[in-house]
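Structure first, then comments.
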Amino acid sequence: MTLSNDASGLPASPYKAAGSLGGRTLLISGGSRGIGLAIAFRAAQDGANIVLMAKTGEPHPKLAGTVFTAAEQLVAAGGQALPLVGDVRNDDDVAGAVAAAVDRFGGIDVVINNASAIDLSRTDDVDMKKYDLMQDINVRGTFLMSKLALPALRASVQAHILTLSPPLNLDPHWAGKHLAYTMAKYGMSLTTLGLAEELKADGIAVNSLWPRTLIDTAAIRNMPQGEVMVQAARRPQIMADAAHAVLTGGNLGTGARPSGIFYTDEEVLAAAGVSDFRPYSLGAPEDGLVPDIFL
C-alpha cells in the first residue's frame, strides 16, 4: 500500500504542519499496515527515525504488507527505518525492540501504542481465546511497551507516549454492546490516564488519540460487511496527521505539552487549522460518514 498522495492519486492533505518530527525516534507497535503505517509514514516524511515492531514478517494471505515492505516505504519517504519482527505480548520481543532502538538511533523520543485486536462479539458469543488475545495485545502490550521504554523516554527532552485508544466513557451503552472489546480498549485508556499522572515529574507526555469516524483499515474490511462499511469511512491519513499535530504541538499554538488528554482526530486537526475534512473521506458525504464507537 503506497501512502504518498502523489504516487497514489489521493487528495492532498488539508493539514499544514507547524512543527517537525525530523531527527526524532519513534517506536511503533503493529506498524506494518493501516493506521500505524500511516503515522510512521507521516513521521518519515519529516526525516524521523522509525522503529517498527510487528508480527508480520512474511506476507499474510489476507493482509497486504510486512514489516519489511513497510520499512522500505518509510525510507523512500525520507526517514530511517528499523523493521523488527516481534510480538507485543512477548516480554523479550518488546525489550529487544527498545534495546534495538536505543542501539541504532541513540534513544527513544516517542512510543506509539498502535497494536490492537478487535472482536465486537457479545458475551455469549465471544471466544475466550479471542478475549485473552485482546487483553494481552491491547492492555498488557500497551502497558509493557510503555513500561520498558520509560528509561529511554526519561532521557529525551520531548518524550511522548501516544496510545490509540478512546476517551474513557462510563455510559453503559458501550460496555453493553461489546463488553470484552470495551474492557480491552478502556484498559489501554486507563494506561494513559495512570501514566500521565505517574510521570508528571518526568517530563513525559502521555496521551490517547481516537478517530471521530470509522477508518478504512484491513481489520475493518475483513469484518462481516466490512467492504461496505469502509465506503463510509475516512482514510488512515487523518489519524496520521492528527498524531503528527499532537506530537509536534501543532494543535496547541503554544509551548505547552499537555498530558492525560483523550484527543479525537477531528478536534486535533480543527485546532491545527483544518476546516475541510472531505479530502480524508473515501467518497461519502460528511453527513454520511459512520461515527466510530465509544464516542
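Residue numbering restarts at 1 in every chain; chains get A, B, ... in the order shown in the C-alpha cells, and ligands count up from 1 in that same order.
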
Next on the checklist: Please list as a list in words every residue within 7 Å of range 163-177 of chain A, counting only C-alpha atoms and excluding residues in the same chain fewer than 6 positions away.
Outcome noted: Ile112, Asn113, Asn114, Arg122, Lys185, Tyr186, Met188, Ser189, Asn207, Ser208, Leu209, Trp210, Phe262 and Phe294 of chain A

Item to check | Contact residues around Phe68 in chain A with only C-alpha atoms at 10 Å, ignoring same-chain residues under 6 positions, as a VMD selection string | outcome: chain A and resid 32 52 54 56 to 59 74 81 to 85

Residues from last step as file, N, CA and C atoms, as a PDB file, in the first residue's frame:
```pdb
ATOM      1  N   SER A  32       2.946  -2.278  10.562  1.00  0.00           N
ATOM      2  CA  SER A  32       3.216  -2.770   9.213  1.00  0.00           C
ATOM      3  C   SER A  32       2.142  -2.398   8.207  1.00  0.00           C
ATOM      4  N   LEU A  52       9.852  -0.070  13.779  1.00  0.00           N
ATOM      5  CA  LEU A  52       8.575  -0.762  13.605  1.00  0.00           C
ATOM      6  C   LEU A  52       8.669  -2.157  14.199  1.00  0.00           C
ATOM      7  N   ALA A  54       6.341  -5.450  14.540  1.00  0.00           N
ATOM      8  CA  ALA A  54       5.081  -6.071  14.142  1.00  0.00           C
ATOM      9  C   ALA A  54       5.312  -7.560  13.937  1.00  0.00           C
ATOM     10  N   THR A  56       4.142  -9.368  11.467  1.00  0.00           N
ATOM     11  CA  THR A  56       4.087  -9.785  10.067  1.00  0.00           C
ATOM     12  C   THR A  56       5.444  -9.698   9.403  1.00  0.00           C
ATOM     13  N   GLY A  57       6.207 -10.788   9.495  1.00  0.00           N
ATOM     14  CA  GLY A  57       7.481 -10.853   8.812  1.00  0.00           C
ATOM     15  C   GLY A  57       7.362 -11.483   7.437  1.00  0.00           C
ATOM     16  N   GLU A  58       6.329 -12.296   7.248  1.00  0.00           N
ATOM     17  CA  GLU A  58       6.054 -12.949   5.976  1.00  0.00           C
ATOM     18  C   GLU A  58       4.700 -12.470   5.450  1.00  0.00           C
ATOM     19  N   PRO A  59       4.505 -12.453   4.147  1.00  0.00           N
ATOM     20  CA  PRO A  59       3.222 -12.000   3.591  1.00  0.00           C
ATOM     21  C   PRO A  59       2.052 -12.787   4.167  1.00  0.00           C
ATOM     22  N   LEU A  74       9.004   3.709   4.283  1.00  0.00           N
ATOM     23  CA  LEU A  74       9.431   4.788   5.174  1.00  0.00           C
ATOM     24  C   LEU A  74      10.760   5.378   4.725  1.00  0.00           C
ATOM     25  N   ALA A  81      14.467   3.673   8.952  1.00  0.00           N
ATOM     26  CA  ALA A  81      13.560   2.660   9.482  1.00  0.00           C
ATOM     27  C   ALA A  81      14.318   1.438   9.959  1.00  0.00           C
ATOM     28  N   LEU A  82      13.865   0.904  11.083  1.00  0.00           N
ATOM     29  CA  LEU A  82      14.394  -0.344  11.622  1.00  0.00           C
ATOM     30  C   LEU A  82      13.221  -1.304  11.793  1.00  0.00           C
ATOM     31  N   PRO A  83      13.054  -2.265  10.867  1.00  0.00           N
ATOM     32  CA  PRO A  83      11.945  -3.217  10.970  1.00  0.00           C
ATOM     33  C   PRO A  83      12.304  -4.374  11.892  1.00  0.00           C
ATOM     34  N   LEU A  84      11.407  -4.700  12.805  1.00  0.00           N
ATOM     35  CA  LEU A  84      11.631  -5.789  13.756  1.00  0.00           C
ATOM     36  C   LEU A  84      10.406  -6.693  13.779  1.00  0.00           C
ATOM     37  N   VAL A  85      10.620  -7.954  13.584  1.00  0.00           N
ATOM     38  CA  VAL A  85       9.527  -8.918  13.728  1.00  0.00           C
ATOM     39  C   VAL A  85       9.414  -9.260  15.208  1.00  0.00           C
TER      40      VAL A  85
END
```

Checklist outcome for this item: For Asp127 in chain A, the closest of A:Asn251, A:Tyr181, A:Gly106, A:Val157 counting only C-alpha atoms is A:Tyr181

Checklist entry - So, counting only C-alpha atoms, which residue among A:Tyr131, A:Ala17, A:Ala97, A:Leu214 is closest to Gly226 in chain A? => result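 Ranked by minimum distance to Gly226 in chain A, first place goes to A:Leu214.
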
Item to check | range 20-195 of chain A: residues DSSP assigns to alpha helix (DSSP H), reported as a PyMOL selection string | outcome: chain A and resi 34-45+67-77+91-105+128-134+141-154+172-177+179-195

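Here CA of Ser116 in chain A is placed at a distance of 5.8 Å from CA of Ile137 in chain A.
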
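Of note, CA of Ala243 in chain A and CA of Pro224 in chain A are spaced 28.7 Å apart.
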
Next on the checklist: I want to know what sits within 9 Å of Val274 in chain A, based on only C-alpha atoms, with residues of the same chain fewer than 5 positions away left out; could you give that as number ranges by chain?
Outcome noted: A: 14-16, 266, 268-269
